[in-house]
Protein chains: 2
Amino acid sequence: MNRRRPTLHDVASLAGLSKSTAARALSGNGPVAAKARQRAAAAALELGYEPNQQAISMRSGQSRLIGLVIPDIANPFWAEVAKGAQDRAVEADLSLLCFSSDWQSDREARHLRALVRARVDGAIVNPVADSAAALHAFGLPLVLIGSSAGGFPGLPAVGTDIAQSVRLGLDFLNRRGHGTPALIVGPFSRIARTRFVAAVQERLGTEAIETETADYTVEGGQAAMGRLLDRPRRSHLAVFAANDLMALGAMLALRDRGLDCPDDASLLGFDGIGAGAFSSPGLTTVAKPARALGARAVAMLVEAIEGRPAEGPVHLPGWLIERGSVADLAAPAALRVAGGSR
Amino acid sequence: MNRRRPTLHDVASLAGLSKSTAARALSGNGPVAAKARQRAAAAALELGYEPNQQAISMRSGQSRLIGLVIPDIANPFWAEVAKGAQDRAVEADLSLLCFSSDWQSDREARHLRALVRARVDGAIVNPVADSAAALHAFGLPLVLIGSSAGGFPGLPAVGTDIAQSVRLGLDFLNRRGHGTPALIVGPFSRIARTRFVAAVQERLGTEAIETETADYTVEGGQAAMGRLLDRPRRSHLAVFAANDLMALGAMLALRDRGLDCPDDASLLGFDGIGAGAFSSPGLTTVAKPARALGARAVAMLVEAIEGRPAEGPVHLPGWLIERGSVADLAAPAALRVAGGSR
DNA sequence: GTGAAAGCGCTAACAG
DNA sequence: CTGTTAGCGCTTTCAC
């Protein structure tokens, strides 16, 4: 019952045709008599024939496989990116080989090697190390994705417009009457940190900005917020976290100390993950176009595979989701109390 | 610069060996002189040679590719499953072809066809339709995953132990002094609904249980909870939702009406997604072993591929995560107030 | 219109 | 130990 899959040869002999005629009939390339076409189709159906893509690849050099290497498929942000890529890939009749690098360059290198061995037509990578760029030099069509994407000039890349998104958050805080916010940012080692901080400084100048470093996790954000709260402070504390998970951690830190958000401190996140909708108050955040990022990356990769000239880096804008974790210091006090319970 | 990838032939001629000797040297199969091995390795390195897995597959019949077809990679639960599968696949040196079916049987069928064409060694599927079972009859090693997995006897399957998990939740509610809870469950069309309801009835008997149907989304849970709240009620309402997203929606419904959780109503979820940790109060829930499910599925698939006899369905136990959305009606009132603020 | 034959890159006999 | 040879399943000239 577990017998060999039928091959074109089987289809051809059942249909009483030669391999080549059967091939032409099924693929629709080349002239075939109507009834030959019909018999080939019938035979294929009867046998449950499915062409062997590996064999096709060997002749055509096109595997119809593309790779996706992201830090962590279980991270809500990256899962959204993957979904966007997935959907777009299906449209283009491409299959997606997915890998998680866990931010480790050795895992990344290993996955990249697997992609080359599988002879994928191209790959989308959120680069940890520069091994990705090396691959491109070797001829694999590549699209970089995420905030670290800009680090390799000349390679097609797609990411959130960090400058615009950070500006959006900062301006919102400003309109709400907040001064310079404190920052909770990622580890020094990540390109994303540099980008975020640079964007803030671009807007606010290089004046001293209170900054805590965490590791993009809830626990990290919680601890960082604790440190921020330990310091003496004379006015309302506003915090802009470099991702939602850390912002949510900060909210837990507030809760731990019996402090109220946004009355005692305001929190602004960055990412737009679903979890932010359920906290109390809901997390106000600058959302990134995660799904669109994935979809766009696939579209660009298809271009690159087809040899069209690579566009320069594409930056997709973020948008603000206002939910209640930022106090409105600009509103008259009376109004503020009334608005607090909505 | 975008030149042809080097082949074994290139390596062999650079090393001054025949193709077969080079092959033996690089793969380590068969006797090769030490210096021949060395020269082959050097040539491979110099050329950046990576074996063509497609060609290898054609000879060996092993693609080292496996498929994963799940409803939605962006759903936190399934993203965790995918991550578990991913990690385990890497360990087994297998690459994962990922697809989302979006609970649509036509998409599922399409993905399955893509998997056959790619000649994957096997596939893990959360079946929407019975096309998956048909594939197995045709000789593709298959492992079913998730609550709908049990629907195809004879196929290896791995899923959460629904009976045990539901019992865990029900017993917890009981210990906390709650009577029969109301249920928010999924649509009739999903096997998961039947399973969940059956498990509840198995524990509670077939007495009338208040049940609302939603679609596993936050909005659906929110609306369902609204309907539950619209009905006259003489005692504390406890709700057991069939997934966390709906439970979180129910919590929003409570908030919308200015009701307190858990003082006015208790909520128990099912899944254990990360978002439940950030709500206020945190969502008490029965967690499913999502990552382990994915890992185990890959392990079982490897067994199946290697022709080992398929184990019967594997059910992994869930566990309770207690966070605060369930009132303790069994505790003395004084204690209850004191405990309420933790 | 159709068939025969070559070859994509690799491995597994089989001789040397 | 090493080289030669024959395919894996398919497409694609090239004759007929």
# chains A, B, ... in the order shown; residues from 1 in each chain; ligands from 1

$ residues_around --residues "Gly84 (chain A)" --least-positions-apart "3" --cutoff "8 Å" --atoms "only C-alpha atoms (C1' of nucleotides)" --output "list in words"
Glu80, Val81, Asp87, Arg88, Ala290, Arg291, Ala292, Leu293, Gly294 and Ala295 of chain A

$ closest_atom_pairs --of "chain C" --to "chain A" --cutoff "7 Å" --atoms "only C-alpha atoms (C1' of nucleotides)" --output "JSON lines"
{"residue": "C:DG1", "atom": "C1'", "partner": "A:Val32", "partner_atom": "CA", "distance": 6.2}
{"residue": "C:DT2", "atom": "C1'", "partner": "A:Thr21", "partner_atom": "CA", "distance": 6.7}
{"residue": "C:DG3", "atom": "C1'", "partner": "A:Ser18", "partner_atom": "CA", "distance": 6.4}
{"residue": "C:DC8", "atom": "C1'", "partner": "A:Met58", "partner_atom": "CA", "distance": 4.7}

$ calpha_fit_and_write --fixed "chain B" --moving "chain A" --output "mmCIF file with C-alpha atoms, in the first residue's frame"
data_model
loop_
_atom_site.group_PDB
_atom_site.id
_atom_site.type_symbol
_atom_site.label_atom_id
_atom_site.label_comp_id
_atom_site.auth_asym_id
_atom_site.auth_seq_id
_atom_site.Cartn_x
_atom_site.Cartn_y
_atom_site.Cartn_z
ATOM 1 C CA MET A 1 29.334 37.247 -9.916
ATOM 2 C CA ASN A 2 26.032 35.452 -9.880
ATOM 3 C CA ARG A 3 27.682 32.368 -11.291
ATOM 4 C CA ARG A 4 26.598 28.755 -11.176
ATOM 5 C CA ARG A 5 26.976 26.996 -7.867
ATOM 6 C CA PRO A 6 29.906 24.588 -7.874
ATOM 7 C CA THR A 7 29.009 20.939 -8.348
ATOM 8 C CA LEU A 8 30.683 17.786 -7.264
ATOM 9 C CA HIS A 9 32.229 17.684 -10.695
ATOM 10 C CA ASP A 10 33.949 21.025 -10.048
ATOM 11 C CA VAL A 11 35.251 19.849 -6.712
ATOM 12 C CA ALA A 12 36.525 16.620 -8.229
ATOM 13 C CA SER A 13 38.402 18.253 -11.045
ATOM 14 C CA LEU A 14 39.933 20.895 -8.799
ATOM 15 C CA ALA A 15 41.072 18.121 -6.474
ATOM 16 C CA GLY A 16 42.225 15.998 -9.377
ATOM 17 C CA LEU A 17 39.891 13.158 -8.475
ATOM 18 C CA SER A 18 36.959 11.464 -10.072
ATOM 19 C CA LYS A 19 33.433 12.417 -9.137
ATOM 20 C CA SER A 20 32.903 9.170 -7.317
ATOM 21 C CA THR A 21 36.018 9.464 -5.190
ATOM 22 C CA ALA A 22 35.194 13.035 -4.318
ATOM 23 C CA ALA A 23 31.685 11.986 -3.368
ATOM 24 C CA ARG A 24 32.962 9.214 -1.132
ATOM 25 C CA ALA A 25 35.497 11.531 0.424
ATOM 26 C CA LEU A 26 32.981 14.224 1.273
ATOM 27 C CA SER A 27 30.213 11.956 2.455
ATOM 28 C CA GLY A 28 32.493 9.633 4.382
ATOM 29 C CA ASN A 29 30.863 6.534 2.874
ATOM 30 C CA GLY A 30 33.244 4.025 1.421
ATOM 31 C CA PRO A 31 37.003 3.685 1.529
ATOM 32 C CA VAL A 32 39.054 6.719 0.512
ATOM 33 C CA ALA A 33 42.779 7.362 0.865
ATOM 34 C CA ALA A 34 43.544 9.929 3.531
ATOM 35 C CA LYS A 35 45.155 12.392 1.177
ATOM 36 C CA ALA A 36 42.386 12.092 -1.379
ATOM 37 C CA ARG A 37 39.943 12.881 1.378
ATOM 38 C CA GLN A 38 42.010 15.874 2.346
ATOM 39 C CA ARG A 39 42.254 17.271 -1.150
ATOM 40 C CA ALA A 40 38.546 16.842 -1.711
ATOM 41 C CA ALA A 41 37.786 18.716 1.497
ATOM 42 C CA ALA A 42 40.158 21.506 0.559
ATOM 43 C CA ALA A 43 38.649 21.847 -2.894
ATOM 44 C CA ALA A 44 35.112 21.862 -1.487
ATOM 45 C CA LEU A 45 36.053 24.571 0.953
ATOM 46 C CA GLU A 46 37.778 26.683 -1.664
ATOM 47 C CA LEU A 47 34.828 26.469 -4.017
ATOM 48 C CA GLY A 48 32.237 26.957 -1.284
ATOM 49 C CA TYR A 49 30.664 23.715 -2.385
ATOM 50 C CA GLU A 50 27.369 22.709 -0.825
ATOM 51 C CA PRO A 51 25.787 19.451 -1.968
ATOM 52 C CA ASN A 52 22.585 19.759 -3.936
ATOM 53 C CA GLN A 53 19.950 18.192 -1.739
ATOM 54 C CA GLN A 54 17.566 17.873 -4.655
ATOM 55 C CA ALA A 55 19.941 15.670 -6.540
ATOM 56 C CA ILE A 56 20.603 13.638 -3.423
ATOM 57 C CA SER A 57 16.869 13.248 -2.916
ATOM 58 C CA MET A 58 16.379 11.948 -6.391
ATOM 59 C CA ARG A 59 18.781 9.125 -5.781
ATOM 60 C CA SER A 60 18.040 8.378 -2.181
ATOM 61 C CA GLY A 61 14.341 9.129 -2.097
ATOM 62 C CA GLN A 62 14.865 11.180 1.066
ATOM 63 C CA SER A 63 14.334 14.907 0.804
ATOM 64 C CA ARG A 64 15.048 15.732 4.453
ATOM 65 C CA LEU A 65 12.075 18.053 4.195
ATOM 66 C CA ILE A 66 8.985 17.761 6.342
ATOM 67 C CA GLY A 67 5.764 19.701 6.098
ATOM 68 C CA LEU A 68 3.788 21.461 8.797
ATOM 69 C CA VAL A 69 0.229 22.499 8.067
ATOM 70 C CA ILE A 70 -1.453 24.392 10.883
ATOM 71 C CA PRO A 71 -4.454 26.715 10.960
ATOM 72 C CA ASP A 72 -2.640 29.976 11.576
ATOM 73 C CA ILE A 73 1.000 30.613 12.259
ATOM 74 C CA ALA A 74 0.133 34.050 13.671
ATOM 75 C CA ASN A 75 -2.077 32.547 16.365
ATOM 76 C CA PRO A 76 -0.003 32.496 19.580
ATOM 77 C CA PHE A 77 -0.882 28.908 20.354
ATOM 78 C CA TRP A 78 0.044 27.597 16.927
ATOM 79 C CA ALA A 79 3.138 29.752 16.785
ATOM 80 C CA GLU A 80 4.333 27.939 19.901
ATOM 81 C CA VAL A 81 3.548 24.608 18.315
ATOM 82 C CA ALA A 82 5.535 25.629 15.259
ATOM 83 C CA LYS A 83 8.466 26.671 17.376
ATOM 84 C CA GLY A 84 8.509 23.323 19.150
ATOM 85 C CA ALA A 85 8.408 21.527 15.814
ATOM 86 C CA GLN A 86 11.084 23.791 14.400
ATOM 87 C CA ASP A 87 13.553 23.155 17.166
ATOM 88 C CA ARG A 88 13.055 19.429 17.077
ATOM 89 C CA ALA A 89 13.357 19.371 13.301
ATOM 90 C CA VAL A 90 16.686 21.168 13.417
ATOM 91 C CA GLU A 91 17.942 18.562 15.858
ATOM 92 C CA ALA A 92 16.985 15.846 13.417
ATOM 93 C CA ASP A 93 18.601 17.803 10.591
ATOM 94 C CA LEU A 94 15.265 18.223 8.849
ATOM 95 C CA SER A 95 13.948 21.388 7.244
ATOM 96 C CA LEU A 96 10.403 22.547 7.883
ATOM 97 C CA LEU A 97 8.032 23.609 5.142
ATOM 98 C CA CYS A 98 5.349 25.714 6.902
ATOM 99 C CA PHE A 99 1.826 26.407 5.754
ATOM 100 C CA SER A 100 -1.280 28.021 7.228
ATOM 101 C CA SER A 101 -4.613 26.505 6.298
ATOM 102 C CA ASP A 102 -6.710 29.294 7.841
ATOM 103 C CA TRP A 103 -9.174 26.519 8.689
ATOM 104 C CA GLN A 104 -10.109 26.313 5.015
ATOM 105 C CA SER A 105 -10.145 22.884 3.499
ATOM 106 C CA ASP A 106 -9.332 24.133 0.027
ATOM 107 C CA ARG A 107 -6.202 25.841 1.286
ATOM 108 C CA GLU A 108 -5.335 22.726 3.219
ATOM 109 C CA ALA A 109 -5.695 20.598 0.121
ATOM 110 C CA ARG A 110 -3.549 22.986 -1.848
ATOM 111 C CA HIS A 111 -0.797 22.944 0.747
ATOM 112 C CA LEU A 112 -0.872 19.187 0.963
ATOM 113 C CA ARG A 113 -0.457 19.018 -2.772
ATOM 114 C CA ALA A 114 2.532 21.343 -2.558
ATOM 115 C CA LEU A 115 4.045 19.033 0.039
ATOM 116 C CA VAL A 116 3.655 16.006 -2.161
ATOM 117 C CA ARG A 117 5.191 17.826 -5.111
ATOM 118 C CA ALA A 118 8.115 18.863 -2.931
ATOM 119 C CA ARG A 119 8.394 15.172 -2.017
ATOM 120 C CA VAL A 120 8.601 15.855 1.694
ATOM 121 C CA ASP A 121 9.511 12.826 3.750
ATOM 122 C CA GLY A 122 6.404 13.302 5.863
ATOM 123 C CA ALA A 123 4.005 15.883 7.225
ATOM 124 C CA ILE A 124 2.407 17.111 10.424
ATOM 125 C CA VAL A 125 -1.124 18.309 9.921
ATOM 126 C CA ASN A 126 -3.890 19.801 11.973
ATOM 127 C CA PRO A 127 -6.605 18.458 9.721
ATOM 128 C CA VAL A 128 -9.478 20.630 8.576
ATOM 129 C CA ALA A 129 -10.851 18.169 6.096
ATOM 130 C CA ASP A 130 -10.186 14.480 5.697
ATOM 131 C CA SER A 131 -7.868 15.107 2.772
ATOM 132 C CA ALA A 132 -5.011 14.506 5.157
ATOM 133 C CA ALA A 133 -6.124 10.983 5.856
ATOM 134 C CA ALA A 134 -6.439 10.412 2.131
ATOM 135 C CA LEU A 135 -2.810 11.399 1.751
ATOM 136 C CA HIS A 136 -1.749 8.861 4.275
ATOM 137 C CA ALA A 137 -3.554 6.149 2.431
ATOM 138 C CA PHE A 138 -1.437 7.213 -0.504
ATOM 139 C CA GLY A 139 1.756 6.589 1.348
ATOM 140 C CA LEU A 140 2.880 9.863 2.867
ATOM 141 C CA PRO A 141 3.967 9.440 6.488
ATOM 142 C CA LEU A 142 1.668 11.638 8.508
ATOM 143 C CA VAL A 143 1.209 12.775 12.080
ATOM 144 C CA LEU A 144 -1.986 14.520 13.093
ATOM 145 C CA ILE A 145 -1.774 17.278 15.644
ATOM 146 C CA GLY A 146 -4.284 19.128 17.816
ATOM 147 C CA SER A 147 -7.717 18.377 19.139
ATOM 148 C CA SER A 148 -9.106 17.312 15.820
ATOM 149 C CA ALA A 149 -6.321 14.757 15.622
ATOM 150 C CA GLY A 150 -8.224 11.931 17.222
ATOM 151 C CA GLY A 151 -10.809 11.931 14.456
ATOM 152 C CA PHE A 152 -8.814 9.581 12.248
ATOM 153 C CA PRO A 153 -8.204 6.337 14.068
ATOM 154 C CA GLY A 154 -5.162 4.445 12.932
ATOM 155 C CA LEU A 155 -3.144 7.534 12.180
ATOM 156 C CA PRO A 156 -0.454 8.593 14.607
ATOM 157 C CA ALA A 157 -1.674 11.678 16.411
ATOM 158 C CA VAL A 158 -0.587 13.973 19.178
ATOM 159 C CA GLY A 159 -2.759 16.402 21.077
ATOM 160 C CA THR A 160 -3.567 17.848 24.440
ATOM 161 C CA ASP A 161 -5.337 15.514 26.831
ATOM 162 C CA ILE A 162 -8.621 17.377 26.647
ATOM 163 C CA ALA A 163 -10.459 15.189 29.150
ATOM 164 C CA GLN A 164 -7.733 15.613 31.768
ATOM 165 C CA SER A 165 -7.334 19.343 31.074
ATOM 166 C CA VAL A 166 -11.025 20.088 31.233
ATOM 167 C CA ARG A 167 -11.279 18.058 34.422
ATOM 168 C CA LEU A 168 -8.450 20.113 35.884
ATOM 169 C CA GLY A 169 -10.318 23.326 35.154
ATOM 170 C CA LEU A 170 -13.657 22.031 36.372
ATOM 171 C CA ASP A 171 -12.195 20.660 39.591
ATOM 172 C CA PHE A 172 -10.435 23.934 40.256
ATOM 173 C CA LEU A 173 -13.684 25.838 39.829
ATOM 174 C CA ASN A 174 -15.345 23.387 42.150
ATOM 175 C CA ARG A 175 -12.684 23.741 44.832
ATOM 176 C CA ARG A 176 -13.149 27.487 44.614
ATOM 177 C CA GLY A 177 -16.783 27.020 45.492
ATOM 178 C CA HIS A 178 -18.353 27.515 42.066
ATOM 179 C CA GLY A 179 -21.323 25.552 40.809
ATOM 180 C CA THR A 180 -21.671 24.443 37.204
ATOM 181 C CA PRO A 181 -19.952 27.074 35.054
ATOM 182 C CA ALA A 182 -21.333 28.562 31.890
ATOM 183 C CA LEU A 183 -19.373 27.647 28.759
ATOM 184 C CA ILE A 184 -18.167 29.751 25.866
ATOM 185 C CA VAL A 185 -17.256 27.300 23.136
ATOM 186 C CA GLY A 186 -16.250 27.297 19.485
ATOM 187 C CA PRO A 187 -18.437 26.850 16.388
ATOM 188 C CA PHE A 188 -20.306 23.593 15.858
ATOM 189 C CA SER A 189 -18.276 22.868 12.777
ATOM 190 C CA ARG A 190 -15.042 22.388 14.655
ATOM 191 C CA ILE A 191 -14.148 19.051 16.111
ATOM 192 C CA ALA A 192 -12.526 20.886 19.013
ATOM 193 C CA ARG A 193 -15.923 22.083 20.186
ATOM 194 C CA THR A 194 -17.378 18.616 20.345
ATOM 195 C CA ARG A 195 -14.378 17.346 22.254
ATOM 196 C CA PHE A 196 -14.514 20.167 24.771
ATOM 197 C CA VAL A 197 -18.215 19.838 25.420
ATOM 198 C CA ALA A 198 -17.972 16.064 25.683
ATOM 199 C CA ALA A 199 -15.196 16.381 28.255
ATOM 200 C CA VAL A 200 -17.282 18.781 30.320
ATOM 201 C CA GLN A 201 -20.301 16.513 30.181
ATOM 202 C CA GLU A 202 -18.215 13.535 31.105
ATOM 203 C CA ARG A 203 -17.300 15.293 34.322
ATOM 204 C CA LEU A 204 -20.504 17.138 35.087
ATOM 205 C CA GLY A 205 -23.083 14.792 33.669
ATOM 206 C CA THR A 206 -25.465 15.774 30.953
ATOM 207 C CA GLU A 207 -27.437 18.188 33.099
ATOM 208 C CA ALA A 208 -28.266 21.417 31.287
ATOM 209 C CA ILE A 209 -25.154 23.553 30.972
ATOM 210 C CA GLU A 210 -25.453 27.150 29.927
ATOM 211 C CA THR A 211 -23.536 27.384 26.653
ATOM 212 C CA GLU A 212 -22.698 30.221 24.293
ATOM 213 C CA THR A 213 -21.093 29.722 20.918
ATOM 214 C CA ALA A 214 -18.389 32.015 19.575
ATOM 215 C CA ASP A 215 -15.623 31.686 17.000
ATOM 216 C CA TYR A 216 -12.443 31.459 19.076
ATOM 217 C CA THR A 217 -11.757 35.183 18.648
ATOM 218 C CA VAL A 218 -11.612 37.993 21.189
ATOM 219 C CA GLU A 219 -14.585 39.748 19.639
ATOM 220 C CA GLY A 220 -16.570 36.535 19.631
ATOM 221 C CA GLY A 221 -15.830 35.924 23.293
ATOM 222 C CA GLN A 222 -16.750 39.477 24.134
ATOM 223 C CA ALA A 223 -20.126 39.179 22.443
ATOM 224 C CA ALA A 224 -20.819 35.769 23.970
ATOM 225 C CA MET A 225 -20.051 37.112 27.429
ATOM 226 C CA GLY A 226 -22.414 39.992 26.761
ATOM 227 C CA ARG A 227 -25.189 37.520 26.034
ATOM 228 C CA LEU A 228 -24.409 35.619 29.207
ATOM 229 C CA LEU A 229 -24.544 38.831 31.217
ATOM 230 C CA ASP A 230 -27.841 39.844 29.683
ATOM 231 C CA ARG A 231 -29.567 36.904 31.281
ATOM 232 C CA PRO A 232 -31.017 37.182 34.785
ATOM 233 C CA ARG A 233 -28.801 35.514 37.319
ATOM 234 C CA ARG A 234 -29.092 34.928 41.031
ATOM 235 C CA SER A 235 -25.570 33.844 41.874
ATOM 236 C CA HIS A 236 -21.942 34.533 40.965
ATOM 237 C CA LEU A 237 -21.289 33.776 37.299
ATOM 238 C CA ALA A 238 -18.339 31.525 36.466
ATOM 239 C CA VAL A 239 -17.382 31.038 32.836
ATOM 240 C CA PHE A 240 -15.126 28.398 31.339
ATOM 241 C CA ALA A 241 -14.070 29.481 27.844
ATOM 242 C CA ALA A 242 -12.731 26.960 25.351
ATOM 243 C CA ASN A 243 -9.763 29.183 24.522
ATOM 244 C CA ASP A 244 -7.890 32.092 26.045
ATOM 245 C CA LEU A 245 -8.725 34.587 23.330
ATOM 246 C CA MET A 246 -12.442 34.211 24.026
ATOM 247 C CA ALA A 247 -11.818 34.372 27.783
ATOM 248 C CA LEU A 248 -9.923 37.595 27.284
ATOM 249 C CA GLY A 249 -12.793 38.888 25.194
ATOM 250 C CA ALA A 250 -15.120 37.982 28.035
ATOM 251 C CA MET A 251 -12.950 40.021 30.361
ATOM 252 C CA LEU A 252 -13.290 43.005 28.049
ATOM 253 C CA ALA A 253 -17.070 42.550 28.107
ATOM 254 C CA LEU A 254 -16.958 42.712 31.890
ATOM 255 C CA ARG A 255 -14.856 45.852 31.740
ATOM 256 C CA ASP A 256 -17.254 47.396 29.207
ATOM 257 C CA ARG A 257 -20.089 47.043 31.693
ATOM 258 C CA GLY A 258 -18.106 48.339 34.624
ATOM 259 C CA LEU A 259 -18.160 44.904 36.211
ATOM 260 C CA ASP A 260 -15.243 43.566 38.200
ATOM 261 C CA CYS A 261 -13.405 40.343 37.587
ATOM 262 C CA PRO A 262 -13.333 38.222 39.685
ATOM 263 C CA ASP A 263 -15.700 39.923 42.149
ATOM 264 C CA ASP A 264 -18.690 40.051 39.831
ATOM 265 C CA ALA A 265 -17.820 37.119 37.610
ATOM 266 C CA SER A 266 -15.079 34.515 37.333
ATOM 267 C CA LEU A 267 -13.300 33.611 34.126
ATOM 268 C CA LEU A 268 -11.319 30.494 33.284
ATOM 269 C CA GLY A 269 -9.466 30.175 30.002
ATOM 270 C CA PHE A 270 -7.989 27.311 28.025
ATOM 271 C CA ASP A 271 -4.675 27.430 26.095
ATOM 272 C CA GLY A 272 -2.116 29.271 28.215
ATOM 273 C CA ILE A 273 -1.115 31.944 25.710
ATOM 274 C CA GLY A 274 1.249 34.679 26.893
ATOM 275 C CA ALA A 275 -1.327 37.442 26.575
ATOM 276 C CA GLY A 276 -3.237 36.030 29.531
ATOM 277 C CA ALA A 277 -0.465 37.148 31.867
ATOM 278 C CA PHE A 278 -1.021 40.825 31.142
ATOM 279 C CA SER A 279 -4.716 41.236 31.613
ATOM 280 C CA SER A 280 -5.908 42.616 34.868
ATOM 281 C CA PRO A 281 -6.585 40.440 36.685
ATOM 282 C CA GLY A 282 -4.308 37.901 35.055
ATOM 283 C CA LEU A 283 -6.251 35.158 33.312
ATOM 284 C CA THR A 284 -6.467 31.890 35.180
ATOM 285 C CA THR A 285 -6.294 29.192 32.561
ATOM 286 C CA VAL A 286 -5.599 25.590 31.755
ATOM 287 C CA ALA A 287 -2.393 25.654 29.743
ATOM 288 C CA LYS A 288 -1.726 23.295 26.863
ATOM 289 C CA PRO A 289 1.766 21.982 26.216
ATOM 290 C CA ALA A 290 2.003 23.743 22.852
ATOM 291 C CA ARG A 291 5.719 23.547 22.331
ATOM 292 C CA ALA A 292 5.933 19.956 23.495
ATOM 293 C CA LEU A 293 3.117 19.077 21.116
ATOM 294 C CA GLY A 294 5.132 20.358 18.170
ATOM 295 C CA ALA A 295 8.317 18.669 19.300
ATOM 296 C CA ARG A 296 6.586 15.382 19.941
ATOM 297 C CA ALA A 297 4.874 15.476 16.585
ATOM 298 C CA VAL A 298 8.214 15.779 14.816
ATOM 299 C CA ALA A 299 9.655 12.960 16.890
ATOM 300 C CA MET A 300 6.707 10.752 15.985
ATOM 301 C CA LEU A 301 6.959 11.706 12.359
ATOM 302 C CA VAL A 302 10.604 10.683 12.307
ATOM 303 C CA GLU A 303 9.563 7.316 13.704
ATOM 304 C CA ALA A 304 6.892 6.982 11.072
ATOM 305 C CA ILE A 305 9.327 7.899 8.300
ATOM 306 C CA GLU A 306 11.770 5.315 9.511
ATOM 307 C CA GLY A 307 8.976 2.794 9.330
ATOM 308 C CA ARG A 308 8.684 2.121 13.015
ATOM 309 C CA PRO A 309 5.155 1.064 14.040
ATOM 310 C CA ALA A 310 3.004 4.121 14.753
ATOM 311 C CA GLU A 311 2.145 4.652 18.392
ATOM 312 C CA GLY A 312 -1.501 5.140 19.198
ATOM 313 C CA PRO A 313 -2.685 8.711 19.758
ATOM 314 C CA VAL A 314 -0.496 10.526 22.291
ATOM 315 C CA HIS A 315 -2.244 12.858 24.705
ATOM 316 C CA LEU A 316 -0.087 15.319 26.612
ATOM 317 C CA PRO A 317 -1.504 16.666 29.869
ATOM 318 C CA GLY A 318 -2.409 20.303 30.438
ATOM 319 C CA TRP A 319 -1.790 22.184 33.670
ATOM 320 C CA LEU A 320 -3.431 24.979 35.586
ATOM 321 C CA ILE A 321 -2.049 28.514 35.651
ATOM 322 C CA GLU A 322 -3.695 30.378 38.470
ATOM 323 C CA ARG A 323 -3.608 34.120 38.060
ATOM 324 C CA GLY A 324 -6.582 35.787 39.621
ATOM 325 C CA SER A 325 -9.593 35.763 37.321
ATOM 326 C CA VAL A 326 -11.427 33.157 39.397
ATOM 327 C CA ALA A 327 -12.995 34.221 42.696
ATOM 328 C CA ASP A 328 -12.505 32.051 45.758
ATOM 329 C CA LEU A 329 -16.055 31.548 46.907
ATOM 330 C CA ALA A 330 -14.928 28.842 49.290
ATOM 331 C CA ALA A 331 -12.767 31.142 51.385
ATOM 332 C CA PRO A 332 -14.276 32.962 54.366
ATOM 333 C CA ALA A 333 -15.516 36.379 53.270
ATOM 334 C CA ALA A 334 -12.994 38.315 55.351
ATOM 335 C CA LEU A 335 -10.101 36.443 53.854
ATOM 336 C CA ARG A 336 -11.541 36.918 50.407
ATOM 337 C CA VAL A 337 -11.401 40.682 50.680
ATOM 338 C CA ALA A 338 -7.853 40.614 51.980
ATOM 339 C CA GLY A 339 -6.824 38.241 49.205
ATOM 340 C CA GLY A 340 -8.525 40.294 46.544
ATOM 341 C CA SER A 341 -5.786 42.873 46.293
ATOM 342 C CA ARG A 342 -2.821 40.607 45.856
#

$ interface_residues --of "chain D" --to "chain B" --cutoff "12 Å" --atoms "only C-alpha atoms (C1' of nucleotides)" --output "PyMOL selection string"
chain D and resi 1-10

$ residues_around --residues "DT13 (chain D)" --least-positions-apart "3" --cutoff "12 Å" --atoms "only C-alpha atoms (C1' of nucleotides)" --output "MDAnalysis selection string"
(chainID A and resid 20) or (chainID C and resid 4:7)

$ select_by_dssp --residues "region 188-242 of chain A" --states "helix (DSSP H, G or I)" --output "list of chain:residue names"
A:Ile191, A:Ala192, A:Arg193, A:Thr194, A:Arg195, A:Phe196, A:Val197, A:Ala198, A:Ala199, A:Val200, A:Gln201, A:Glu202, A:Arg203, A:Leu204, A:Val218, A:Glu219, A:Gly220, A:Gly221, A:Gln222, A:Ala223, A:Ala224, A:Met225, A:Gly226, A:Arg227, A:Leu228, A:Leu229, A:Asp230

$ decode --residues "region 136-147 of chain A" --atoms "C-alpha atoms" --output "short mmCIF file (atom, residue, chain, number, x, y, z; two decimals), in the first residue's frame"
data_model
loop_
_atom_site.label_atom_id
_atom_site.label_comp_id
_atom_site.auth_asym_id
_atom_site.auth_seq_id
_atom_site.Cartn_x
_atom_site.Cartn_y
_atom_site.Cartn_z
CA HIS A 136 24.25 37.19 -1.40
CA ALA A 137 27.71 37.76 -2.70
CA PHE A 138 27.61 34.09 -3.57
CA GLY A 139 24.57 34.51 -5.72
CA LEU A 140 21.54 33.71 -3.62
CA PRO A 141 18.78 36.28 -4.08
CA LEU A 142 18.21 37.80 -0.68
CA VAL A 143 15.89 40.25 1.01
CA LEU A 144 16.73 41.56 4.45
CA ILE A 145 13.90 42.19 6.85
CA GLY A 146 13.52 44.07 10.13
CA SER A 147 15.37 46.88 11.81
#
